[in-house]
>>> print(open('work-v3.txt').read())   # compact mmCIF, C-alpha atoms
# COMPACT_ATOMS: atom_id res chain seq x y z
CA MET A 14 22.07 -13.01 -60.85
CA GLY A 15 19.87 -16.11 -60.91
CA ALA A 16 19.76 -16.22 -57.14
CA ALA A 17 18.75 -12.56 -57.04
CA ILE A 18 15.96 -13.16 -59.56
CA THR A 19 14.77 -16.17 -57.58
CA LYS A 20 14.60 -14.12 -54.39
CA LYS A 21 12.73 -11.35 -56.19
CA GLN A 22 10.27 -13.87 -57.51
CA THR A 23 9.89 -15.34 -54.04
CA LEU A 24 9.25 -11.91 -52.55
CA SER A 25 6.72 -11.10 -55.25
CA TRP A 26 4.92 -14.36 -54.56
CA LEU A 27 4.95 -13.75 -50.80
CA ARG A 28 3.45 -10.30 -51.26
CA SER A 29 0.75 -11.68 -53.56
CA ILE A 30 -0.46 -14.19 -50.97
CA SER A 31 -0.02 -11.97 -47.90
CA GLY A 32 -3.67 -10.95 -47.95
CA GLU A 33 -4.76 -14.58 -48.22
CA MET A 34 -2.53 -15.52 -45.26
CA SER A 35 -3.91 -12.64 -43.20
CA SER A 36 -7.51 -13.72 -43.82
CA ALA A 37 -6.67 -17.33 -42.98
CA THR A 38 -4.93 -16.20 -39.79
CA LEU A 39 -7.96 -14.24 -38.58
CA GLU A 40 -10.22 -17.21 -39.32
CA LYS A 41 -8.01 -19.61 -37.41
CA LEU A 42 -7.72 -17.20 -34.48
CA GLY A 43 -11.50 -17.28 -34.11
CA GLU A 44 -11.54 -21.07 -34.35
CA THR A 45 -8.69 -21.91 -31.97
CA LEU A 46 -8.50 -19.06 -29.41
CA PRO A 47 -11.67 -18.58 -27.31
CA TRP A 48 -10.39 -15.36 -25.76
CA TYR A 49 -10.11 -13.81 -29.23
CA GLY A 50 -13.75 -14.47 -30.08
CA SER A 51 -14.97 -13.07 -26.76
CA MET A 52 -13.20 -9.74 -27.24
CA PRO A 53 -15.03 -6.53 -28.10
CA PRO A 54 -14.92 -5.74 -31.84
CA GLY A 55 -12.43 -2.90 -31.39
CA ARG A 56 -9.87 -5.00 -29.53
CA ARG A 57 -10.43 -7.97 -31.82
CA SER A 58 -9.65 -5.71 -34.76
CA ALA A 59 -6.48 -4.51 -33.03
CA VAL A 60 -5.34 -8.10 -32.48
CA GLY A 61 -6.01 -8.80 -36.16
CA MET A 62 -3.87 -5.80 -37.07
CA VAL A 63 -1.00 -7.26 -35.04
CA ALA A 64 -1.31 -10.60 -36.87
CA GLN A 65 -1.38 -8.87 -40.28
CA ALA A 66 1.56 -6.66 -39.31
CA GLY A 67 3.47 -9.79 -38.34
CA ILE A 68 3.03 -11.29 -41.80
CA THR A 69 3.97 -8.03 -43.54
CA SER A 70 6.97 -7.58 -41.26
CA PHE A 71 8.15 -11.13 -42.05
CA ILE A 72 8.18 -10.39 -45.76
CA SER A 73 10.17 -7.18 -45.19
CA TRP A 74 12.51 -9.00 -42.84
CA PHE A 75 13.02 -11.82 -45.38
CA ASP A 76 13.91 -9.20 -47.97
CA ASP A 77 16.64 -7.75 -45.71
CA PRO A 78 17.04 -9.26 -42.20
CA GLN A 79 19.44 -6.45 -41.22
CA SER A 80 17.04 -3.64 -42.11
CA THR A 81 14.68 -4.16 -39.17
CA PRO A 82 16.77 -5.01 -36.11
CA TRP A 83 13.90 -4.06 -33.83
CA ILE A 84 10.93 -5.85 -35.38
CA ALA A 85 8.74 -5.28 -32.32
CA SER A 86 8.13 -1.69 -33.40
CA ASP A 87 6.89 -2.95 -36.79
CA VAL A 88 4.51 -5.55 -35.41
CA PHE A 89 3.24 -4.20 -32.09
CA GLY A 90 3.28 -0.57 -33.18
CA ALA A 91 0.13 -1.27 -35.19
CA ALA A 92 -1.91 -1.93 -32.04
CA PRO A 93 -3.20 0.68 -29.60
CA ARG A 94 -1.27 0.96 -26.31
CA GLU A 95 -4.18 -0.28 -24.21
CA LEU A 96 -3.97 -3.64 -26.01
CA LEU A 97 -1.01 -4.55 -23.78
CA ARG A 98 -3.29 -4.19 -20.77
CA SER A 99 -6.05 -6.39 -22.21
CA VAL A 100 -3.94 -9.13 -23.85
CA SER A 101 -1.51 -11.08 -21.70
CA LEU A 102 1.94 -12.22 -22.79
CA GLN A 103 0.68 -15.81 -22.88
CA GLN A 104 -2.13 -14.81 -25.23
CA THR A 105 0.32 -12.88 -27.41
CA LEU A 106 2.52 -15.96 -27.75
CA GLN A 107 -0.57 -17.97 -28.71
CA LEU A 108 -1.31 -15.36 -31.35
CA ILE A 109 2.23 -15.65 -32.71
CA LYS A 110 1.98 -19.46 -32.75
CA VAL A 111 -1.26 -19.43 -34.75
CA THR A 112 0.11 -16.86 -37.20
CA VAL A 113 3.31 -18.85 -37.76
CA GLU A 114 1.32 -22.06 -38.27
CA VAL A 115 -0.83 -20.41 -40.92
CA VAL A 116 2.22 -18.98 -42.70
CA GLU A 117 4.01 -22.34 -42.57
CA ASP A 118 0.95 -24.07 -44.00
CA HIS A 119 0.76 -21.63 -46.92
CA LEU A 120 4.50 -21.82 -47.56
CA ARG A 121 4.75 -25.60 -47.35
CA ASP A 122 5.99 -25.77 -50.96
CA ALA A 123 8.22 -22.69 -50.70
CA PRO A 124 12.00 -22.94 -51.00
CA SER A 125 13.85 -24.26 -47.96
CA GLU A 126 15.41 -20.87 -47.26
CA VAL A 127 11.91 -19.41 -46.79
CA ARG A 128 10.89 -22.14 -44.35
CA GLU A 129 14.10 -21.67 -42.38
CA ALA A 130 13.47 -17.92 -42.34
CA ILE A 131 10.04 -18.53 -40.83
CA LEU A 132 11.56 -20.49 -37.96
CA LEU A 133 14.16 -17.81 -37.28
CA TYR A 134 11.62 -15.00 -37.56
CA SER A 135 9.16 -16.71 -35.21
CA ARG A 136 11.91 -16.95 -32.60
CA GLU A 137 12.80 -13.29 -33.04
CA ILE A 138 9.20 -12.11 -32.86
CA ALA A 139 8.60 -14.18 -29.69
CA PHE A 140 11.59 -12.56 -28.00
CA ALA A 141 10.44 -9.18 -29.25
CA ALA A 142 6.98 -9.74 -27.72
CA ALA A 143 8.54 -10.67 -24.38
CA ASP A 144 10.68 -7.53 -24.53
CA VAL A 145 7.65 -5.34 -25.26
CA TYR A 146 5.77 -6.73 -22.28
CA ALA A 147 8.85 -6.44 -20.06
CA ARG A 148 9.24 -2.78 -21.00
CA ALA A 149 5.53 -2.18 -20.39
CA ALA A 150 5.76 -3.89 -17.00
CA GLU A 151 8.82 -1.83 -16.09
CA ALA A 152 7.07 1.38 -17.11
CA ARG A 153 3.96 0.36 -15.18
CA GLY A 154 6.11 -0.45 -12.16
CA LEU A 155 7.73 2.98 -12.25
CA TRP A 156 4.33 4.64 -12.66
CA ASP A 157 2.89 2.60 -9.78
CA ALA A 158 5.84 3.58 -7.58
CA ARG A 159 5.29 7.27 -8.32
CA LEU A 160 1.54 6.93 -7.78
CA GLU A 161 2.08 5.08 -4.51
CA ALA A 162 4.47 7.78 -3.29
CA LEU A 163 1.88 10.42 -4.20
CA VAL A 164 -0.86 8.58 -2.27
CA VAL A 165 1.34 8.15 0.81
CA ASP A 166 2.27 11.85 0.69
CA SER A 167 -1.42 12.74 0.50
CA ILE A 168 -2.16 10.56 3.52
CA LEU A 169 0.67 12.09 5.56
CA SER A 170 -0.27 15.67 4.68
CA GLY A 171 -4.04 15.17 4.83
CA GLU A 172 -4.41 17.03 1.53
CA TYR A 173 -7.03 14.82 -0.07
CA ASP A 174 -8.78 15.36 -3.38
CA GLN A 175 -11.54 13.57 -5.24
CA GLU A 176 -9.03 11.42 -7.10
CA LEU A 177 -7.47 9.84 -4.01
CA THR A 178 -9.92 6.93 -3.91
CA SER A 179 -9.41 6.13 -7.59
CA ARG A 180 -5.63 6.36 -7.19
CA ILE A 181 -5.71 3.92 -4.30
CA ALA A 182 -7.91 1.56 -6.33
CA ALA A 183 -5.49 1.81 -9.28
CA LEU A 184 -2.76 0.47 -6.99
CA GLY A 185 -4.81 -2.68 -6.38
CA TRP A 186 -5.85 -1.84 -2.82
CA THR A 187 -8.33 -4.45 -1.58
CA GLY A 188 -8.33 -3.77 2.16
CA ASP A 189 -11.89 -3.78 3.50
CA GLY A 190 -11.12 -3.47 7.21
CA GLY A 191 -9.38 -1.02 9.49
CA VAL A 192 -6.23 0.89 8.57
CA ALA A 193 -3.15 1.82 10.59
CA VAL A 194 0.06 3.65 9.70
CA PHE A 195 3.51 2.43 10.74
CA VAL A 196 6.42 4.90 10.84
CA GLY A 197 10.02 3.95 11.50
CA THR A 198 13.55 4.61 10.41
CA SER A 199 14.37 3.64 6.86
CA PRO A 200 17.07 1.01 6.27
CA ARG A 201 19.75 1.61 3.67
CA ALA A 202 17.92 -0.60 1.18
CA VAL A 203 14.13 -0.81 1.54
CA ASP A 204 12.88 -4.26 0.51
CA VAL A 205 9.39 -3.34 -0.68
CA ASP A 206 8.74 -6.84 -2.02
CA GLU A 207 9.45 -8.34 1.40
CA ILE A 208 7.07 -5.85 3.03
CA ARG A 209 4.31 -6.81 0.58
CA ARG A 210 4.99 -10.52 1.03
CA ILE A 211 4.71 -10.30 4.82
CA ALA A 212 1.55 -8.19 4.50
CA ARG A 213 -0.10 -10.72 2.17
CA HIS A 214 0.80 -13.50 4.59
CA HIS A 215 -1.03 -11.55 7.30
CA GLN A 216 -4.09 -10.84 5.11
CA ALA A 217 -3.29 -7.16 4.66
CA ASP A 218 -2.62 -4.60 1.94
CA VAL A 219 0.17 -2.03 2.17
CA LEU A 220 1.21 1.27 0.68
CA VAL A 221 4.91 2.00 1.12
CA GLY A 222 6.64 5.38 1.08
CA VAL A 223 10.13 6.58 1.97
CA GLN A 224 10.60 10.14 3.20
CA GLY A 225 14.19 10.93 4.02
CA ASN A 226 15.18 8.72 6.94
CA ARG A 227 11.58 7.63 7.58
CA LEU A 228 9.87 4.55 6.20
CA VAL A 229 6.07 4.88 6.15
CA VAL A 230 3.82 1.84 5.66
CA VAL A 231 0.04 2.23 5.42
CA VAL A 232 -1.51 -1.12 6.35
CA GLY A 233 -5.07 -2.10 5.51
CA ALA A 234 -6.56 -5.19 7.08
CA ASN A 235 -8.67 -7.58 5.03
CA GLY A 236 -11.70 -9.43 6.33
CA PRO A 237 -11.70 -13.09 7.41
CA ASP A 238 -10.47 -15.64 4.88
CA GLU A 239 -13.43 -17.08 2.93
CA GLU A 240 -11.84 -20.53 3.08
CA GLN A 241 -11.37 -20.24 6.86
CA PRO A 242 -14.10 -17.85 8.07
CA THR A 243 -13.60 -18.82 11.72
CA THR A 244 -9.94 -17.75 11.69
CA THR A 245 -9.36 -14.41 13.40
CA PRO A 246 -7.40 -11.99 11.17
CA PRO A 247 -4.05 -10.84 12.61
CA SER A 248 -4.12 -7.67 14.68
CA PHE A 249 -2.16 -4.58 13.67
CA ALA A 250 0.22 -5.22 16.57
CA GLU A 251 0.96 -8.68 15.15
CA ILE A 252 1.48 -7.24 11.66
CA ALA A 253 3.77 -4.56 13.07
CA SER A 254 5.84 -7.18 14.87
CA ALA A 255 6.14 -9.20 11.66
CA LEU A 256 7.35 -6.12 9.76
CA ASP A 257 9.89 -5.14 12.41
CA GLY A 258 12.84 -6.47 10.41
CA CYS A 259 11.91 -4.31 7.40
CA PHE A 260 12.59 -1.11 9.36
CA GLY A 261 15.94 0.29 10.37
CA PRO A 262 17.20 0.67 13.96
CA GLY A 263 15.61 3.30 16.15
CA PRO A 264 12.00 4.36 16.72
CA TYR A 265 9.29 2.23 15.12
CA VAL A 266 5.79 3.52 15.87
CA LEU A 267 2.35 2.01 15.30
CA GLY A 268 -0.42 4.57 14.74
CA PRO A 269 -3.95 3.96 16.04
CA GLU A 270 -6.46 2.05 13.95
CA VAL A 271 -8.96 4.03 11.84
CA ASP A 272 -11.96 2.91 9.84
CA SER A 273 -10.70 3.36 6.28
CA VAL A 274 -7.74 4.45 4.20
CA VAL A 275 -9.40 7.83 3.65
CA ASP A 276 -9.15 8.41 7.42
CA ALA A 277 -5.52 7.20 7.55
CA VAL A 278 -4.27 10.77 8.05
CA LYS A 279 -5.32 10.54 11.73
CA SER A 280 -3.25 7.41 12.24
CA ALA A 281 -0.38 8.90 10.22
CA LYS A 282 -0.23 12.12 12.25
CA ALA A 283 -0.28 10.18 15.52
CA ALA A 284 2.47 7.84 14.29
CA LEU A 285 4.63 10.74 13.09
CA ALA A 286 4.19 12.55 16.40
CA GLY A 287 5.03 9.35 18.24
CA PHE A 288 8.12 8.93 16.07
CA THR A 289 9.30 12.39 17.15
CA ALA A 290 8.46 11.86 20.82
CA ALA A 291 9.99 8.38 21.01
CA LYS A 292 13.48 9.78 21.56
CA SER A 293 12.39 10.91 25.06
CA LEU A 294 12.02 7.30 26.25
CA ARG A 295 14.97 5.60 27.93
CA GLU A 296 13.75 2.15 26.89
CA LEU A 297 12.28 2.03 23.40
CA PRO A 298 9.95 -0.89 22.67
CA ARG A 299 9.52 -2.10 19.08
CA PRO A 300 6.92 -1.54 17.89
CA LEU A 301 5.89 1.43 20.01
CA SER A 302 2.21 2.32 20.06
CA ALA A 303 1.62 6.02 19.46
CA ASP A 304 -0.80 6.02 22.40
CA GLU A 305 2.02 4.95 24.73
CA VAL A 306 3.65 8.37 24.34
CA LEU A 307 0.55 10.56 24.62
CA PRO A 308 2.08 12.89 27.27
CA GLU A 309 5.32 13.31 25.31
CA ARG A 310 3.35 14.00 22.14
CA ALA A 311 1.27 16.57 23.99
CA LEU A 312 4.44 18.29 25.25
CA ALA A 313 5.71 18.38 21.66
CA GLY A 314 2.53 20.23 20.62
CA ASP A 315 0.53 17.38 19.08
CA PRO A 316 -3.15 18.51 19.15
CA LEU A 317 -4.38 14.93 18.64
CA ALA A 318 -2.57 13.78 21.79
CA ARG A 319 -3.85 16.72 23.81
CA ARG A 320 -7.40 16.04 22.73
CA ALA A 321 -7.04 12.32 23.47
CA LEU A 322 -5.79 12.99 27.00
CA ILE A 323 -8.63 15.40 27.68
CA THR A 324 -11.42 13.22 26.30
CA THR A 325 -10.20 9.87 27.63
CA ILE A 326 -8.95 10.97 31.08
CA TYR A 327 -9.85 14.49 32.15
CA GLU A 328 -13.50 14.60 31.10
CA PRO A 329 -14.45 11.18 32.56
CA LEU A 330 -12.84 12.15 35.87
CA ARG A 331 -14.48 15.59 35.85
CA ASP A 332 -17.96 14.22 35.15
CA HIS A 333 -17.86 11.33 37.64
CA PRO A 334 -20.23 11.74 40.65
CA LEU A 335 -17.50 10.75 43.15
CA ASP A 336 -15.51 13.88 42.30
CA LEU A 337 -12.57 11.79 41.15
CA LEU A 338 -10.94 14.79 39.50
CA THR A 339 -10.51 16.62 42.81
CA THR A 340 -9.19 13.46 44.44
CA MET A 341 -6.67 12.95 41.65
CA TRP A 342 -5.64 16.59 41.67
CA THR A 343 -5.08 16.60 45.43
CA TYR A 344 -3.23 13.27 45.32
CA PHE A 345 -0.67 14.69 42.90
CA GLU A 346 -0.27 18.02 44.74
CA THR A 347 0.40 16.23 48.04
CA GLY A 348 3.22 14.12 46.63
CA HIS A 349 1.14 10.96 46.08
CA SER A 350 0.48 10.64 49.81
CA LEU A 351 -2.74 8.86 50.83
CA GLU A 352 -2.76 10.37 54.30
CA SER A 353 -2.12 13.93 53.10
CA THR A 354 -4.77 13.57 50.41
CA ALA A 355 -7.26 12.29 52.98
CA ARG A 356 -6.53 15.24 55.29
CA GLU A 357 -6.93 17.74 52.47
CA LEU A 358 -10.27 16.22 51.43
CA PHE A 359 -11.54 15.55 55.01
CA VAL A 360 -12.03 11.84 54.23
CA HIS A 361 -10.62 8.57 55.50
CA PRO A 362 -7.48 7.18 53.74
CA ASN A 363 -9.50 4.09 52.74
CA THR A 364 -11.85 6.41 50.85
CA VAL A 365 -8.89 7.78 48.93
CA ARG A 366 -7.74 4.22 48.17
CA TYR A 367 -11.21 3.35 46.90
CA ARG A 368 -11.33 6.43 44.66
CA LEU A 369 -7.87 5.78 43.24
CA LYS A 370 -8.92 2.23 42.42
CA LYS A 371 -12.07 3.60 40.79
CA ILE A 372 -9.92 5.95 38.67
CA ALA A 373 -7.79 3.04 37.45
CA GLU A 374 -10.94 1.13 36.48
CA LEU A 375 -12.50 4.14 34.75
CA VAL A 376 -9.64 5.39 32.60
CA THR A 377 -7.35 2.27 32.62
CA TRP A 378 -4.39 4.32 33.89
CA ASP A 379 -3.28 3.44 37.43
CA PRO A 380 -2.35 6.44 39.63
CA GLY A 381 -0.02 4.17 41.60
CA ALA A 382 2.16 3.39 38.57
CA PRO A 383 4.78 6.12 37.88
CA ARG A 384 4.30 6.15 34.11
CA ASP A 385 0.50 6.14 34.38
CA ALA A 386 0.62 8.84 37.06
CA PHE A 387 2.62 11.06 34.71
CA THR A 388 0.00 10.55 31.98
CA LEU A 389 -2.87 11.26 34.37
CA HIS A 390 -1.20 14.40 35.73
CA MET A 391 -0.58 15.69 32.19
CA ALA A 392 -4.22 15.04 31.25
CA ILE A 393 -5.49 16.96 34.28
CA ILE A 394 -3.23 19.93 33.55
CA LEU A 395 -4.30 20.07 29.90
CA GLY A 396 -7.95 19.61 30.75
CA THR A 397 -7.85 22.37 33.34
CA MET A 398 -6.16 24.71 30.88
CA ASN A 399 -8.83 23.90 28.33
CA GLU A 400 -11.72 24.85 30.63
CA PRO A 401 -13.29 28.30 30.12
CA LYS A 402 -12.98 28.85 33.86
CA ALA A 403 -10.67 26.78 36.02
CA PRO A 404 -12.50 24.81 38.74
CA ALA A 405 -11.87 25.87 42.30
CA LYS A 406 -9.23 23.85 44.12
CA PRO A 407 -10.20 22.04 47.34
CA ARG A 408 -9.52 24.03 50.46
CA SER A 409 -6.93 22.72 52.90
CA ARG A 410 -7.50 22.41 56.65
CA ALA A 411 -5.21 25.36 57.26
CA ALA A 412 -7.48 27.60 55.26
CA LEU A 413 -10.53 26.73 57.36
>>> encode(input="work-v3.txt", output="structure tokens")
Amino acid sequence: MGAAITKKQTLSWLRSISGEMSSATLEKLGETLPWYGSMPPGRRSAVGMVAQAGITSFISWFDDPQSTPWIASDVFGAAPRELLRSVSLQQTLQLIKVTVEVVEDHLRDAPSEVREAILLYSREIAFAAADVYARAAEARGLWDARLEALVVDSILSGEYDQELTSRIAALGWTGDGGVAVFVGTSPRAVDVDEIRRIARHHQADVLVGVQGNRLVVVVGANGPDEEQPTTTPPSFAEIASALDGCFGPGPYVLGPEVDSVVDAVKSAKAALAGFTAAKSLRELPRPLSADEVLPERALAGDPLARRALITTIYEPLRDHPLDLLTTMWTYFETGHSLESTARELFVHPNTVRYRLKKIAELVTWDPGAPRDAFTLHMAIILGTMNEPKAPAKPRSRAAL
């Protein structure tokens, strides 16, 4: 009975000085923790509520340690949820340390069982704080993953809204340079952390999304390093090569570079079309540039590839004063024969050679290379089909 009365007296005394300990705690927080004094009044008040709740919770816990197995809900439940985003775990542990020191100072003459309870409670509350922050980090990680998947889906579909920019910023995107989209097969286990680590090493930001058997990585280049401004940032081809091991076997396509992440849909559509067309190649390079399969993409119905072939090949040949389009057209229709082309055009074979060389210089595709010839022929066919009225073909000698 005496022990029970003693504990009741101790609890009554603790409750009577709880207000005094709370006031002393707030005063010491302002004196010893600079970050506490620099907080806005609202957040400073919330931190004070946590400290006061900690003292009150200790008294309740001392009364019956088994009654509050999850003391975090008692202490941290008093603070608004946004406090976890403004106060770090390290700062929270500093707060707990100051509060425990104040309580220990006021209970210096208390019975030994009270002092021992303080030590045990401080350990429990520290673990509870770590658990709260771990749960918050896990929840934030899950939310970030869902938000990242939503952003990648928006980029792939091109269905943008006014919130896309803010969503990308919320994910910590800092890329201030060009953007390119990589599409490849997804491995059994996607190591997102490894993808981010490699990207950071190459001064780039990434957004990662998995869609079925496809792994999509949106890569944003950062500007030159401030510490080494003369160092040239890695190219997207170099970044793609570094990320090769993060993709599964099979096609791995690098989309063309665009100016910003808002324009990434152009790179994404080209990369997706290249991913589909890559199966037509007998030898599959890794990574494969989407522009390397322009004719296959055009055959598969990709409007971006068709437009690229027309604007980069057909139109420059059509508008050139040497009538390179007619030369190219005739060269293909005569089976790539210089002599037959010369006869059809009533020119010397050396003239045909000169024009073919001029074509290679103008559009960077060489008519003498089989793969380039296929691309050039496809561009001429598409360009001719796109004209309101097809140009007249050159007349042969037999027709004269």
>>> closest_atom_pairs(input="work-v3.txt", of="region 110-220 of chain A", to="region 281-298 of chain A", cutoff="9 Å", atoms="only C-alpha atoms", output="Markdown table")
| residue | atom | partner | partner_atom | distance |
| --- | --- | --- | --- | --- |
| A:Ile168 | CA | A:Ala281 | CA | 7.1 |
| A:Leu169 | CA | A:Ala281 | CA | 5.7 |
| A:Ser170 | CA | A:Lys282 | CA | 8.4 |
| A:Gly171 | CA | A:Lys282 | CA | 8.9 |
| A:Ala193 | CA | A:Ala281 | CA | 7.6 |
| A:Val194 | CA | A:Ala281 | CA | 5.3 |
| A:Phe195 | CA | A:Ala284 | CA | 6.6 |
| A:Val196 | CA | A:Ala284 | CA | 6.0 |
| A:Gly197 | CA | A:Phe288 | CA | 7.0 |
| A:Thr198 | CA | A:Phe288 | CA | 9.0 |
>>> residues_around(input="work-v3.txt", residues="region 224-234 of chain A", least_positions_apart="6", cutoff="8 Å", atoms="only C-alpha atoms", output="list in words")
Val165, Gly188, Asp189, Gly190, Gly191, Val192, Ala193, Val194, Phe195, Val196, Gly197, Thr198, Ser199, Pro200, Ala212, Gln216, Ala217, Asp218, Pro246, Phe249, Phe260, Ser273, Val274 and Ala277 of chain A
>>> residues_around(input="work-v3.txt", residues="Val111 (chain A)", least_positions_apart="5", cutoff="12 Å", atoms="only C-alpha atoms", output="list of chain:residue names")
A:Met34, A:Ser35, A:Ala37, A:Thr38, A:Leu39, A:Glu40, A:Lys41, A:Leu42, A:Gly43, A:Glu44, A:Thr45, A:Leu46, A:Tyr49, A:Gly61, A:Ala64, A:Gln65, A:Gly67, A:Ile68, A:Gln104, A:Thr105, A:Leu106, A:Val116, A:Glu117, A:Asp118, A:Ser135
>>> closest_residue(input="work-v3.txt", among="A:Ala183, A:Pro264, A:Leu335, A:Gly314", to="Ser302 (chain A)", atoms="all atoms listed in the file")
A:Pro264
>>> atom_distance(input="work-v3.txt", atom1="CA of Arg209 (chain A)", atom2="CA of Glu270 (chain A)")
19.3 Å
>>> closest_residue(input="work-v3.txt", among="A:Thr245, A:Thr340, A:Val127, A:Ala355", to="Lys370 (chain A)", atoms="only C-alpha atoms")
A:Thr340
>>> residues_around(input="work-v3.txt", residues="region 379-394 of chain A", least_positions_apart="4", cutoff="9 Å", atoms="all atoms listed in the file", output="PyMOL selection string")
chain A and resi 306-309+311-312+319+321-328+330+338+341-342+344-345+349+369-370+372-374+398-399
>>> closest_residue(input="work-v3.txt", among="A:Arg128, A:Ser36, A:Pro262, A:Leu220", to="Leu160 (chain A)", atoms="only C-alpha atoms")
A:Leu220
>>> residues_around(input="work-v3.txt", residues="Asp206 (chain A)", least_positions_apart="6", cutoff="12 Å", atoms="only C-alpha atoms", output="number ranges by chain")
A: 212-213, 219-221, 256, 259
>>> write_last_selection(input="work-v3.txt", atoms="C-alpha atoms", output="PDB file, in the frame of the given file")
ATOM      1  CA  ALA A 212       1.550  -8.190   4.500  1.00  0.00           C
ATOM      2  CA  ARG A 213      -0.100 -10.720   2.170  1.00  0.00           C
ATOM      3  CA  VAL A 219       0.170  -2.030   2.170  1.00  0.00           C
ATOM      4  CA  LEU A 220       1.210   1.270   0.680  1.00  0.00           C
ATOM      5  CA  VAL A 221       4.910   2.000   1.120  1.00  0.00           C
ATOM      6  CA  LEU A 256       7.350  -6.120   9.760  1.00  0.00           C
ATOM      7  CA  CYS A 259      11.910  -4.310   7.400  1.00  0.00           C
TER       8      CYS A 259
END
>>> atom_distance(input="work-v3.txt", atom1="CA of Val164 (chain A)", atom2="CA of Ala202 (chain A)")
21.2 Å
>>> decode(input="work-v3.txt", residues="region 300-349 of chain A", atoms="C-alpha atoms", output="PDB file, in the first residue's frame")
ATOM      1  CA  PRO A 300      21.896   1.447 -77.964  1.00  0.00           C
ATOM      2  CA  LEU A 301      20.069   1.947 -81.249  1.00  0.00           C
ATOM      3  CA  SER A 302      19.329   5.515 -82.287  1.00  0.00           C
ATOM      4  CA  ALA A 303      15.715   5.987 -83.347  1.00  0.00           C
ATOM      5  CA  ASP A 304      16.953   7.897 -86.403  1.00  0.00           C
ATOM      6  CA  GLU A 305      18.841   4.799 -87.576  1.00  0.00           C
ATOM      7  CA  VAL A 306      15.536   3.064 -88.330  1.00  0.00           C
ATOM      8  CA  LEU A 307      13.696   5.943 -90.001  1.00  0.00           C
ATOM      9  CA  PRO A 308      12.626   3.884 -93.061  1.00  0.00           C
ATOM     10  CA  GLU A 309      11.387   0.980 -90.914  1.00  0.00           C
ATOM     11  CA  ARG A 310       9.501   3.403 -88.687  1.00  0.00           C
ATOM     12  CA  ALA A 311       7.941   5.010 -91.748  1.00  0.00           C
ATOM     13  CA  LEU A 312       6.837   1.589 -93.026  1.00  0.00           C
ATOM     14  CA  ALA A 313       5.265   0.917 -89.620  1.00  0.00           C
ATOM     15  CA  GLY A 314       3.204   4.113 -89.982  1.00  0.00           C
ATOM     16  CA  ASP A 315       5.207   6.491 -87.784  1.00  0.00           C
ATOM     17  CA  PRO A 316       4.271  10.041 -88.942  1.00  0.00           C
ATOM     18  CA  LEU A 317       7.346  11.541 -87.247  1.00  0.00           C
ATOM     19  CA  ALA A 318       9.654   9.301 -89.292  1.00  0.00           C
ATOM     20  CA  ARG A 319       7.816  10.078 -92.518  1.00  0.00           C
ATOM     21  CA  ARG A 320       8.053  13.783 -91.880  1.00  0.00           C
ATOM     22  CA  ALA A 321      11.738  13.518 -90.982  1.00  0.00           C
ATOM     23  CA  LEU A 322      12.549  11.667 -94.206  1.00  0.00           C
ATOM     24  CA  ILE A 323      10.673  14.223 -96.289  1.00  0.00           C
ATOM     25  CA  THR A 324      12.144  17.314 -94.638  1.00  0.00           C
ATOM     26  CA  THR A 325      15.730  16.087 -94.276  1.00  0.00           C
ATOM     27  CA  ILE A 326      16.108  14.228 -97.598  1.00  0.00           C
ATOM     28  CA  TYR A 327      13.347  14.744-100.144  1.00  0.00           C
ATOM     29  CA  GLU A 328      12.881  18.503 -99.864  1.00  0.00           C
ATOM     30  CA  PRO A 329      16.611  19.398 -99.958  1.00  0.00           C
ATOM     31  CA  LEU A 330      17.052  17.214-103.047  1.00  0.00           C
ATOM     32  CA  ARG A 331      13.929  18.639-104.698  1.00  0.00           C
ATOM     33  CA  ASP A 332      14.954  22.260-104.116  1.00  0.00           C
ATOM     34  CA  HIS A 333      18.605  21.917-105.166  1.00  0.00           C
ATOM     35  CA  PRO A 334      19.497  23.733-108.440  1.00  0.00           C
ATOM     36  CA  LEU A 335      21.374  20.695-109.826  1.00  0.00           C
ATOM     37  CA  ASP A 336      18.134  18.695-109.981  1.00  0.00           C
ATOM     38  CA  LEU A 337      19.530  16.103-107.602  1.00  0.00           C
ATOM     39  CA  LEU A 338      16.088  14.601-107.054  1.00  0.00           C
ATOM     40  CA  THR A 339      15.768  13.540-110.693  1.00  0.00           C
ATOM     41  CA  THR A 340      19.296  12.144-110.646  1.00  0.00           C
ATOM     42  CA  MET A 341      18.582  10.146-107.502  1.00  0.00           C
ATOM     43  CA  TRP A 342      15.249   8.930-108.819  1.00  0.00           C
ATOM     44  CA  THR A 343      16.764   7.764-112.104  1.00  0.00           C
ATOM     45  CA  TYR A 344      19.731   6.148-110.338  1.00  0.00           C
ATOM     46  CA  PHE A 345      17.399   3.939-108.300  1.00  0.00           C
ATOM     47  CA  GLU A 346      15.108   3.058-111.230  1.00  0.00           C
ATOM     48  CA  THR A 347      18.079   1.963-113.360  1.00  0.00           C
ATOM     49  CA  GLY A 348      19.379  -0.468-110.754  1.00  0.00           C
ATOM     50  CA  HIS A 349      22.080   1.846-109.339  1.00  0.00           C
TER      51      HIS A 349
END
